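**Q** Contents of entry34.txt (compact mmCIF, C-alpha atoms) are below:
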```txt
# COMPACT_ATOMS: atom_id res chain seq x y z
CA MET A 283 -15.31 28.76 -17.06
CA ARG A 284 -18.56 26.84 -16.68
CA THR A 285 -19.19 25.31 -13.26
CA ILE A 286 -21.45 22.35 -12.50
CA GLU A 287 -22.35 21.88 -8.84
CA LEU A 288 -23.20 18.33 -7.75
CA ARG A 289 -23.80 16.64 -4.41
CA GLU A 290 -22.73 13.20 -3.29
CA TYR A 291 -25.29 10.54 -4.31
CA GLU A 292 -27.80 13.15 -5.53
CA GLN A 293 -29.10 13.36 -9.09
CA SER A 294 -28.52 16.66 -10.91
CA GLU A 295 -30.82 18.55 -13.20
CA ALA A 296 -30.13 18.33 -16.93
CA VAL A 297 -26.75 19.86 -17.84
CA ALA A 298 -25.35 20.54 -21.30
CA LEU A 299 -22.19 18.62 -22.24
CA SER A 300 -20.34 18.26 -25.50
CA ILE A 301 -19.60 14.73 -26.67
CA ALA A 302 -15.90 15.26 -25.85
CA GLU A 303 -16.75 16.48 -22.34
CA ARG A 304 -19.14 13.59 -21.75
CA ASP A 305 -16.61 10.97 -22.85
CA ALA A 306 -13.77 12.62 -20.94
CA LEU A 307 -15.84 12.76 -17.75
CA ARG A 308 -16.68 9.07 -18.03
CA THR A 309 -12.98 8.29 -18.24
CA ALA A 310 -11.86 10.76 -15.57
CA ILE A 311 -14.55 9.94 -12.97
CA PRO A 312 -15.75 6.37 -13.68
CA SER A 313 -18.06 6.41 -10.66
CA LEU A 314 -20.02 9.39 -12.03
CA ARG A 315 -23.24 8.15 -13.65
CA ILE A 316 -24.02 10.06 -16.85
CA ALA A 317 -27.46 9.45 -18.36
CA PRO A 318 -29.15 11.25 -21.29
CA ALA A 319 -31.77 13.76 -20.19
CA ALA A 320 -35.28 13.06 -21.44
CA GLY A 321 -36.25 15.05 -24.54
CA SER A 322 -32.71 16.27 -25.28
CA HIS A 323 -29.81 15.11 -27.41
CA ASP A 324 -27.05 17.20 -25.81
CA ALA A 325 -28.03 17.33 -22.12
CA TYR A 326 -27.33 14.79 -19.42
CA VAL A 327 -28.30 13.95 -15.85
CA LEU A 328 -25.29 13.41 -13.59
CA THR A 329 -25.35 11.30 -10.43
CA PRO A 330 -22.17 11.13 -8.35
CA SER A 331 -21.37 8.26 -6.01
CA SER A 332 -18.88 8.41 -3.13
CA VAL A 333 -16.17 10.35 -5.01
CA VAL A 334 -16.17 14.01 -3.97
CA GLY A 335 -14.02 17.04 -4.71
CA ALA A 336 -13.32 19.38 -7.61
CA PHE A 337 -12.34 18.42 -11.14
CA GLU A 338 -11.57 20.63 -14.12
CA LEU A 339 -11.82 19.48 -17.69
CA GLY A 340 -10.90 22.11 -20.25
CA ASP A 341 -13.15 25.07 -19.45
CA LEU A 342 -15.57 22.93 -17.45
CA SER A 343 -15.39 22.78 -13.64
CA ILE A 344 -17.16 19.94 -11.81
CA ARG A 345 -17.63 20.28 -8.05
CA ILE A 346 -19.02 17.32 -6.11
CA ARG A 347 -19.97 18.36 -2.58
CA PRO A 348 -19.86 15.73 0.18
CA LYS A 349 -22.85 15.19 2.45
CA LEU A 350 -20.54 15.87 5.38
CA SER A 351 -18.96 19.27 5.90
CA ILE A 352 -15.75 19.76 3.95
CA ARG A 353 -13.99 20.38 7.27
CA ARG A 354 -15.04 16.93 8.50
CA VAL A 355 -14.05 15.25 5.23
CA LEU A 356 -10.56 16.74 5.36
CA TYR A 357 -10.32 15.86 9.05
CA LEU A 358 -11.14 12.21 8.28
CA ALA A 359 -8.71 12.14 5.35
CA ALA A 360 -5.96 13.67 7.50
CA GLN A 361 -6.59 11.32 10.41
CA ALA A 362 -6.69 8.34 8.03
CA MET A 363 -3.10 9.18 7.06
CA ASN A 364 -2.13 10.03 10.65
CA ILE A 365 -1.39 13.63 9.76
CA VAL A 366 -2.16 17.22 10.75
CA ASP A 367 -5.39 18.00 12.61
CA PHE A 368 -7.15 20.87 10.83
CA ARG A 369 -8.59 22.14 14.09
CA ASP A 370 -5.13 23.37 15.05
CA GLU A 371 -4.57 25.52 11.98
CA PRO A 372 -4.52 29.27 12.79
CA PHE A 373 -7.13 30.27 10.26
CA GLY A 374 -10.65 29.43 9.20
CA PHE A 375 -12.01 28.62 5.76
CA ASP A 376 -15.18 28.88 3.77
CA GLU A 377 -17.21 25.65 3.77
CA SER A 378 -18.13 26.32 0.12
CA ALA A 379 -14.47 26.33 -0.95
CA THR A 380 -12.97 23.49 -2.95
CA PRO A 381 -10.50 21.17 -1.16
CA GLN A 382 -7.44 22.62 -2.90
CA ASN A 383 -8.40 26.16 -1.85
CA ILE A 384 -8.66 24.97 1.75
CA LEU A 385 -5.40 23.02 1.65
CA ALA A 386 -3.34 25.72 -0.10
CA PRO A 387 -3.15 28.17 2.85
CA ALA A 388 -2.60 25.31 5.31
CA PHE A 389 0.20 23.94 3.16
CA ILE A 390 1.84 27.35 2.67
CA ALA A 391 1.71 28.12 6.40
CA ALA A 392 3.25 24.74 7.23
CA ALA A 393 6.01 25.26 4.64
CA GLN A 394 6.82 28.70 6.04
CA ARG A 395 7.16 27.25 9.55
CA ALA A 396 9.42 24.47 8.28
CA PHE A 397 11.60 26.70 6.10
CA SER A 398 12.04 29.29 8.87
CA ARG A 399 14.75 27.04 10.32
CA GLY A 400 16.43 26.58 6.95
CA LEU A 401 16.05 23.90 4.31
CA MET A 402 16.69 20.34 5.39
CA HIS A 403 19.94 18.88 4.09
CA GLY A 404 21.07 15.30 4.11
CA TYR A 405 23.61 12.92 2.66
CA ARG A 406 22.72 11.27 -0.62
CA SER A 407 24.76 8.53 -2.29
CA VAL A 408 25.81 9.57 -5.80
CA GLU A 409 27.31 7.46 -8.57
CA ASP A 410 28.96 9.60 -11.24
CA THR A 411 31.53 9.74 -14.01
CA LEU A 412 34.20 12.38 -13.31
CA THR A 413 37.58 13.43 -14.65
CA THR A 414 38.87 13.66 -11.06
CA VAL A 415 38.52 11.29 -8.14
CA ARG A 416 35.86 12.15 -5.56
CA GLY A 417 34.92 9.76 -2.80
CA ARG A 418 35.77 6.18 -3.73
CA ILE A 419 36.49 4.71 -7.15
CA ASP A 420 33.92 2.14 -8.22
CA PHE A 421 36.43 -0.37 -9.55
CA ALA A 422 33.81 -2.84 -10.76
CA GLU A 423 32.09 -0.20 -12.89
CA GLN A 424 35.45 1.24 -14.02
CA VAL A 425 36.59 -2.12 -15.34
CA ARG A 426 33.21 -2.94 -16.88
CA ARG A 427 32.83 0.40 -18.68
CA ARG A 428 36.43 1.64 -19.26
CA PHE A 429 38.59 -1.49 -19.06
CA ASP A 430 42.12 0.00 -19.46
CA ILE A 431 41.13 3.67 -19.99
CA PRO A 432 42.14 5.73 -16.92
CA LEU A 433 39.78 8.68 -17.46
CA PRO A 434 36.99 9.45 -16.85
CA VAL A 435 36.67 7.68 -13.50
CA GLU A 436 33.58 5.90 -12.17
CA VAL A 437 33.17 7.12 -8.59
CA ARG A 438 30.76 6.81 -5.69
CA TYR A 439 30.45 9.46 -2.98
CA ASP A 440 28.06 10.96 -0.42
CA ASP A 441 26.82 14.45 -1.22
CA PHE A 442 25.47 16.76 1.50
CA THR A 443 22.55 18.32 -0.33
CA GLU A 444 19.07 19.80 0.00
CA ASP A 445 17.89 17.47 -2.80
CA VAL A 446 16.52 14.88 -0.37
CA LEU A 447 13.19 13.05 -0.17
CA ILE A 448 11.66 15.33 2.45
CA ASN A 449 12.12 18.40 0.21
CA ARG A 450 11.17 16.50 -2.95
CA LEU A 451 7.77 15.63 -1.46
CA VAL A 452 7.09 19.28 -0.57
CA LYS A 453 8.09 20.47 -4.04
CA ALA A 454 5.95 17.84 -5.75
CA ALA A 455 2.93 18.84 -3.63
CA ALA A 456 3.47 22.54 -4.33
CA ARG A 457 3.54 21.88 -8.07
CA ARG A 458 0.41 19.73 -7.86
CA LEU A 459 -1.51 22.44 -6.01
CA ALA A 460 -0.23 25.18 -8.32
CA GLY A 461 -1.57 23.23 -11.28
CA LEU A 462 -5.10 23.28 -9.84
CA ARG A 463 -7.52 26.18 -9.73
CA ILE A 464 -6.39 28.30 -6.77
CA GLU A 465 -8.75 31.23 -6.46
CA GLU A 466 -6.80 33.69 -4.32
CA ALA A 467 -3.72 35.35 -5.83
CA ARG A 468 -1.89 35.40 -2.48
CA TRP A 469 -2.06 31.62 -2.27
CA ARG A 470 -0.82 31.29 -5.85
CA ARG A 471 2.11 33.55 -4.97
CA GLY A 472 2.76 31.53 -1.82
CA LEU A 473 2.98 28.31 -3.82
CA GLY A 474 5.34 30.05 -6.24
CA ARG A 475 7.61 31.06 -3.35
CA ILE A 476 7.76 27.46 -2.12
CA ASP A 477 8.75 26.30 -5.59
CA ALA A 478 11.43 29.01 -5.84
CA THR A 479 12.82 28.11 -2.40
CA LEU A 480 13.18 24.52 -3.59
CA ALA A 481 14.74 25.45 -6.94
CA ASN A 482 17.68 23.08 -6.42
CA VAL A 483 15.44 20.16 -5.44
CA SER A 484 14.45 17.53 -8.02
CA LEU A 485 10.83 17.33 -9.10
CA ILE A 486 9.67 13.74 -8.69
CA GLN A 487 6.55 11.94 -9.90
CA VAL A 488 4.80 10.29 -6.98
CA PRO A 489 2.06 7.70 -7.69
CA ASP A 490 -0.86 8.19 -5.30
CA HIS A 491 -0.79 4.50 -4.34
CA GLN A 492 2.98 4.43 -3.62
CA LEU A 493 3.52 7.41 -1.38
CA PRO A 494 6.92 7.22 0.30
CA THR A 495 6.95 7.45 4.07
CA VAL A 496 9.25 9.66 6.12
CA GLU A 497 10.72 8.75 9.49
CA PHE A 498 10.79 11.78 11.79
CA ASP A 499 13.38 12.51 14.47
CA ARG A 500 14.63 15.54 16.38
CA LEU A 501 16.44 16.82 13.28
CA ASN A 502 13.44 16.90 10.93
CA GLU A 503 10.46 17.04 13.33
CA HIS A 504 9.82 20.69 12.34
CA TYR A 505 9.04 19.41 8.81
CA ARG A 506 6.33 17.01 9.98
CA ASP A 507 3.26 19.17 9.23
CA VAL A 508 4.32 20.20 5.73
CA VAL A 509 5.47 16.69 4.77
CA GLU A 510 2.27 15.07 5.98
CA LEU A 511 0.17 17.68 4.19
CA SER A 512 2.27 17.04 1.09
CA ARG A 513 1.43 13.34 1.28
CA LEU A 514 -2.28 14.16 1.63
CA ILE A 515 -2.14 16.47 -1.42
CA LEU A 516 -0.22 13.95 -3.52
CA ARG A 517 -2.61 11.18 -2.51
CA HIS A 518 -5.71 12.92 -3.83
CA THR A 519 -4.63 15.14 -6.72
CA ALA A 520 -4.41 14.32 -10.39
CA LEU A 521 -2.65 16.73 -12.74
CA ASP A 522 -2.20 16.94 -16.49
CA ALA A 523 -4.24 13.83 -17.15
CA ALA A 524 -4.88 13.97 -20.87
CA ARG A 525 -8.48 13.25 -21.88
CA GLY A 526 -8.38 13.51 -25.63
CA ASP A 527 -7.82 17.18 -26.49
CA LEU A 528 -8.90 18.31 -23.02
CA ARG A 529 -6.53 18.96 -20.12
CA ALA A 530 -7.80 17.53 -16.83
CA SER A 531 -6.82 18.14 -13.23
CA GLY A 532 -8.50 17.90 -9.88
CA PHE A 533 -8.57 17.00 -6.21
CA MET A 534 -10.85 14.02 -5.65
CA MET A 535 -11.49 11.81 -2.62
CA ASN A 536 -13.31 8.49 -2.55
CA MET A 537 -15.32 8.62 0.67
CA ASN A 538 -15.56 4.81 0.77
CA VAL A 539 -11.77 4.63 0.95
CA VAL A 540 -11.41 7.62 3.31
CA PHE A 541 -13.96 6.13 5.73
CA GLN A 542 -12.39 2.67 5.62
CA GLU A 543 -8.89 4.04 6.21
CA TYR A 544 -10.07 6.34 9.00
CA VAL A 545 -11.89 3.55 10.87
CA THR A 546 -8.93 1.19 10.51
CA ARG A 547 -6.38 3.69 11.80
CA ALA A 548 -8.64 4.99 14.59
CA LEU A 549 -9.36 1.46 15.84
CA ARG A 550 -5.66 0.64 15.72
CA GLN A 551 -4.85 3.70 17.81
CA GLU A 552 -7.63 3.06 20.34
CA LEU A 553 -6.50 -0.56 20.73
CA GLY A 554 -2.85 0.48 21.03
CA LEU A 555 -1.72 -1.92 18.31
CA SER A 556 0.86 -1.70 15.53
CA SER A 557 0.11 -1.82 11.81
CA ARG A 558 1.56 -5.35 11.72
CA THR A 559 -0.78 -6.57 14.45
CA PHE A 560 -3.88 -4.63 13.36
CA ARG A 561 -3.73 -4.78 9.60
CA ALA A 562 -5.52 -2.88 6.86
CA ASP A 563 -6.67 -4.57 3.68
CA ASP A 564 -3.60 -4.63 1.41
CA GLY A 565 -5.17 -6.58 -1.43
CA ARG A 566 -3.99 -9.97 -0.20
CA ALA A 567 -6.32 -12.64 1.14
CA ALA A 568 -6.65 -12.87 4.92
CA ALA A 569 -8.31 -16.25 4.40
CA TYR A 570 -10.13 -18.35 1.83
CA LEU A 571 -13.76 -19.34 2.01
CA ASP A 572 -13.34 -22.70 0.29
CA VAL A 573 -11.05 -25.63 0.99
CA ASN A 574 -9.40 -25.27 -2.43
CA ASP A 575 -8.32 -21.67 -1.67
CA ARG A 576 -10.05 -20.10 -4.64
CA ILE A 577 -12.48 -17.65 -3.03
CA MET A 578 -10.46 -14.92 -1.31
CA LEU A 579 -11.70 -13.07 1.77
CA LYS A 580 -10.24 -9.59 2.33
CA PRO A 581 -11.66 -7.88 5.42
CA ASP A 582 -11.02 -4.14 5.76
CA PHE A 583 -9.24 -4.72 9.07
CA THR A 584 -7.90 -7.76 10.93
CA TRP A 585 -6.19 -8.34 14.28
CA TRP A 586 -3.39 -10.94 14.39
CA GLN A 587 -1.73 -12.73 17.31
CA ASP A 588 0.89 -15.47 17.02
CA GLY A 589 0.29 -15.77 13.30
CA ARG A 590 -3.48 -16.24 13.62
CA CYS A 591 -6.34 -13.85 12.99
CA VAL A 592 -8.32 -13.15 16.17
CA PHE A 593 -10.67 -10.42 14.90
CA ALA A 594 -11.99 -9.12 11.57
CA GLY A 595 -14.43 -6.56 10.25
CA ASP A 596 -15.47 -4.17 7.52
CA ALA A 597 -16.14 -0.43 7.35
CA LYS A 598 -19.22 0.51 5.30
CA TYR A 599 -19.78 4.09 4.18
CA LYS A 600 -23.52 3.57 4.45
CA ILE A 601 -26.46 4.36 6.72
CA THR A 602 -28.13 1.57 8.71
CA GLU A 603 -31.26 3.31 9.97
CA ASP A 604 -32.78 0.21 11.59
CA GLY A 605 -29.47 -1.27 12.80
CA LYS A 606 -29.87 -4.34 10.57
CA GLY A 607 -27.30 -3.47 7.93
CA THR A 608 -27.77 -5.12 4.56
CA ASN A 609 -28.03 -8.82 3.84
CA ALA A 610 -24.92 -8.73 1.65
CA ASP A 611 -22.87 -7.08 4.40
CA LEU A 612 -24.12 -9.58 7.01
CA TYR A 613 -23.31 -12.55 4.77
CA GLN A 614 -19.84 -11.10 4.19
CA ALA A 615 -19.21 -10.70 7.92
CA LEU A 616 -20.42 -14.25 8.58
CA ALA A 617 -18.03 -15.55 5.91
CA TYR A 618 -15.14 -13.83 7.72
CA ALA A 619 -16.13 -15.34 11.07
CA THR A 620 -16.56 -18.81 9.58
CA ALA A 621 -13.44 -19.03 7.42
CA LEU A 622 -11.20 -17.41 10.07
CA ASP A 623 -12.76 -19.47 12.89
CA LEU A 624 -13.77 -16.41 14.91
CA SER A 625 -16.56 -15.88 17.43
CA GLY A 626 -17.96 -13.15 15.20
CA ALA A 627 -17.17 -10.10 13.12
CA LEU A 628 -17.75 -6.34 13.27
CA LEU A 629 -19.50 -4.14 10.70
CA VAL A 630 -18.90 -0.41 11.10
CA TYR A 631 -21.43 1.89 9.40
CA ALA A 632 -21.14 5.62 8.84
CA GLU A 633 -24.45 6.38 10.50
CA GLY A 634 -27.48 4.69 12.07
CA LYS A 635 -28.31 2.42 14.97
CA ARG A 636 -26.03 -0.04 16.70
CA SER A 637 -27.10 -3.65 17.09
CA GLY A 638 -25.93 -7.24 17.15
CA PHE A 639 -27.14 -10.63 15.91
CA LYS A 640 -26.54 -14.24 16.95
CA VAL A 641 -26.48 -16.54 13.95
CA LYS A 642 -28.74 -19.61 14.07
CA ASN A 643 -27.18 -23.04 14.49
CA THR A 644 -23.77 -21.51 15.17
CA ASN A 645 -21.98 -19.90 18.10
CA LYS A 646 -21.16 -16.81 16.04
CA ARG A 647 -22.48 -13.27 16.19
CA ILE A 648 -22.36 -10.20 13.98
CA GLU A 649 -21.86 -6.85 15.69
CA ILE A 650 -23.02 -3.63 13.99
CA GLY A 651 -21.45 -0.37 15.15
CA THR A 652 -21.72 3.22 13.92
CA VAL A 653 -19.51 6.30 13.80
CA VAL A 654 -20.76 9.78 14.75
CA LEU A 655 -19.54 11.53 11.60
CA ASN A 656 -21.73 14.61 11.97
CA GLY A 657 -20.92 15.27 15.62
CA THR A 658 -18.00 17.02 17.24
CA ASN A 659 -14.50 15.59 17.07
CA GLU A 660 -14.90 14.50 20.70
CA GLU A 661 -18.12 12.62 19.86
CA LEU A 662 -16.40 11.03 16.88
CA GLN A 663 -13.52 9.85 19.05
CA LEU A 664 -15.93 8.56 21.71
CA SER A 665 -17.73 6.45 19.10
CA MET A 666 -14.38 4.97 18.04
CA ARG A 667 -13.57 4.10 21.67
CA LYS A 668 -16.88 2.26 21.91
CA LEU A 669 -16.12 0.37 18.70
CA ALA A 670 -12.68 -0.55 20.02
CA LYS A 671 -14.33 -1.96 23.15
CA ARG A 672 -16.57 -4.18 20.99
CA ALA A 673 -13.54 -5.27 18.98
CA ARG A 674 -11.74 -6.30 22.19
CA SER A 675 -14.80 -8.28 23.26
CA LEU A 676 -14.93 -10.19 19.96
CA GLN A 677 -11.19 -10.80 20.08
CA ALA A 678 -11.37 -12.15 23.64
CA GLU A 679 -14.25 -14.47 22.73
CA SER A 680 -12.32 -15.83 19.75
CA LEU A 681 -9.30 -16.57 21.92
CA GLN A 682 -11.50 -18.22 24.57
CA ARG A 683 -13.17 -20.46 21.98
CA ARG A 684 -9.80 -21.77 20.85
CA LEU A 685 -8.82 -22.62 24.43
CA LEU A 686 -11.95 -24.70 25.02
CA PRO A 687 -11.63 -28.48 24.48
CA ALA A 688 -13.34 -29.84 21.38
CA ARG A 689 -16.65 -31.59 21.96
```
Would you mind giving the structure from this file in structure tokens?

**A**
Amino acid sequence: MRTIELREYEQSEAVALSIAERDALRTAIPSLRIAPAAGSHDAYVLTPSSVVGAFELGDLSIRIRPKLSIRRVLYLAAQAMNIVDFRDEPFGFDESATPQNILAPAFIAAAQRAFSRGLMHGYRSVEDTLTTVRGRIDFAEQVRRRFDIPLPVEVRYDDFTEDVLINRLVKAAARRLAGLRIEEARWRRGLGRIDATLANVSLIQVPDHQLPTVEFDRLNEHYRDVVELSRLILRHTALDAARGDLRASGFMMNMNVVFQEYVTRALRQELGLSSRTFRADDGRAAAYLDVNDRIMLKPDFTWWQDGRCVFAGDAKYKITEDGKGTNADLYQALAYATALDLSGALLVYAEGKRSGFKVKNTNKRIEIGTVVLNGTNEELQLSMRKLAKRARSLQAESLQRRLLPAR
């Protein structure tokens, strides 16, 4: 298998690609810029953007390394989904490994811990057609389907089974990982054992944007690690995606999305707010810029009290070396503050200097904060506490402005 090594936002040297590979890559990773190499008709220069990970296309393997350490990337992705902290796993891993080869042993270890207490069972409502009565007869369905025929009988009953959501998620994640390139045979065997253990569990297709959530209690708490890892795996893997005659699979993460989700969840936790009060961008408009409600504004995170927005901001996976941000980002933040009638807005950058600006001829200000992505986990958390403090300040100012009498 040929392997092409790339790095986030860095241009590659000329690499040979067939026309089928080129076209399939453009479809599979739209953010990957593919430009013809000078003086060649079958070589290309590849420039990744914020999408990182490993992707296989036929006999071609593409690896896009993040600028951060892979440990930090997985930590951010895990924290963004409020799941397992990789620091607590009882093993280390090679920083040059692909994400799936890091997640496989973690996933297998978590499954072994969960299964050591036996498979989870639960009651599942079943509607069936039987020749004997089980549970309760569904008279409405019996009349609709059979009319005056006594057998078979339409019935509805509760079945105590291991084929429940919590096991279905684990099985789906095991199959996804097994379909990727797992380098060590012991991890491949481990994934096979998980699949065999869940032989009586249905294999479900889980869209990455519609991951089901699981409520944990004292009965299923021991499943938490493996279920949350399963959700992380299902969120970022793509398997058996047909690209013409080439089979494609991979584990890819969009760092823009990971950073935005991490900042939103971390701020929510530091502020001690619920997801209903401190909301992430869900695609709906938080406000409109114009009086005719045609220009939607969708901040990455908003804070709501009594049905009104009291704070808004965006997370930018960018560097602001001079603390000024970019004009486009500043205009966007000002639009949030204006349309939502706030004292200001917060821009959170991935790296750089912190600063703040008062806008001329208004009583609004734009705050610029940064996250210590390359530091220790403690430094990262400290930077989020500082950002939460600035968020509280902006929220308090917005509330105070609304209490003041109009001039």

**Q** Give me the residues within 9 Å of Lys671 in chain A as a list in words, counting only C-alpha atoms and dropping any in the same chain fewer than 5 places off.

**A**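 These residues fall inside the cut-off: Glu552, Leu553, Met666 and Leu676 of chain A.
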
**Q** So how many Å separate CA of Val653 in chain A and CA of Ser665 in chain A, to one decimal?

**A**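 Separation of CA of Val653 in chain A and CA of Ser665 in chain A: 5.6 Å.
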
**Q** For Gly638 in chain A, work out the shell of residues within 6 Å, counting all atoms listed in the file and skipping chain neighbours fewer than 4 positions away, then give it as a PyMOL selection string.

**A** chain A and resi 648-650

**Q** Would you mind exporting C-alpha atoms of the selected residues as an mmCIF file, keeping the file's coordinate frame?

**A**
```
data_model
loop_
_atom_site.group_PDB
_atom_site.id
_atom_site.type_symbol
_atom_site.label_atom_id
_atom_site.label_comp_id
_atom_site.auth_asym_id
_atom_site.auth_seq_id
_atom_site.Cartn_x
_atom_site.Cartn_y
_atom_site.Cartn_z
ATOM 1 C CA ILE A 648 -22.360 -10.200 13.980
ATOM 2 C CA GLU A 649 -21.860 -6.850 15.690
ATOM 3 C CA ILE A 650 -23.020 -3.630 13.990
#
```

**Q** Kindly indicate which residue among A:Ala673, A:Ala678, A:Ala325, A:Ile286 lies nearest to Ile301 in chain A, using only C-alpha atoms for the distances.

**A** A:Ala325

**Q** Counting all atoms listed in the file, which residues sit no farther than 6 Å from the position (-23.4, 10.9, -7.7) in the file's frame? I'd like them as a list in words.

**A**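 Residues close enough to count: Glu290, Tyr291, Glu292, Leu314, Thr329, Pro330 and Ser331 of chain A.
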
**Q** Please work out which residues fall within 12 Å of (-14.8, 16.9, 17.5), coordinates as given in the file, with only C-alpha atoms counting, and return them as an MDAnalysis selection string.

**A** chainID A and resid 353:354 357:358 367:370 654:666

**Q** Could you please determine the separation between CA of Leu549 in chain A and CA of Arg576 in chain A in Å, to one decimal place?

**A** 29.7 Å

**Q** Could you check how far CA of Asn645 in chain A sits from CA of Trp585 in chain A, in Å to one decimal?

**A**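 Going from CA of Asn645 in chain A over to CA of Trp585 in chain A covers 19.9 Å.
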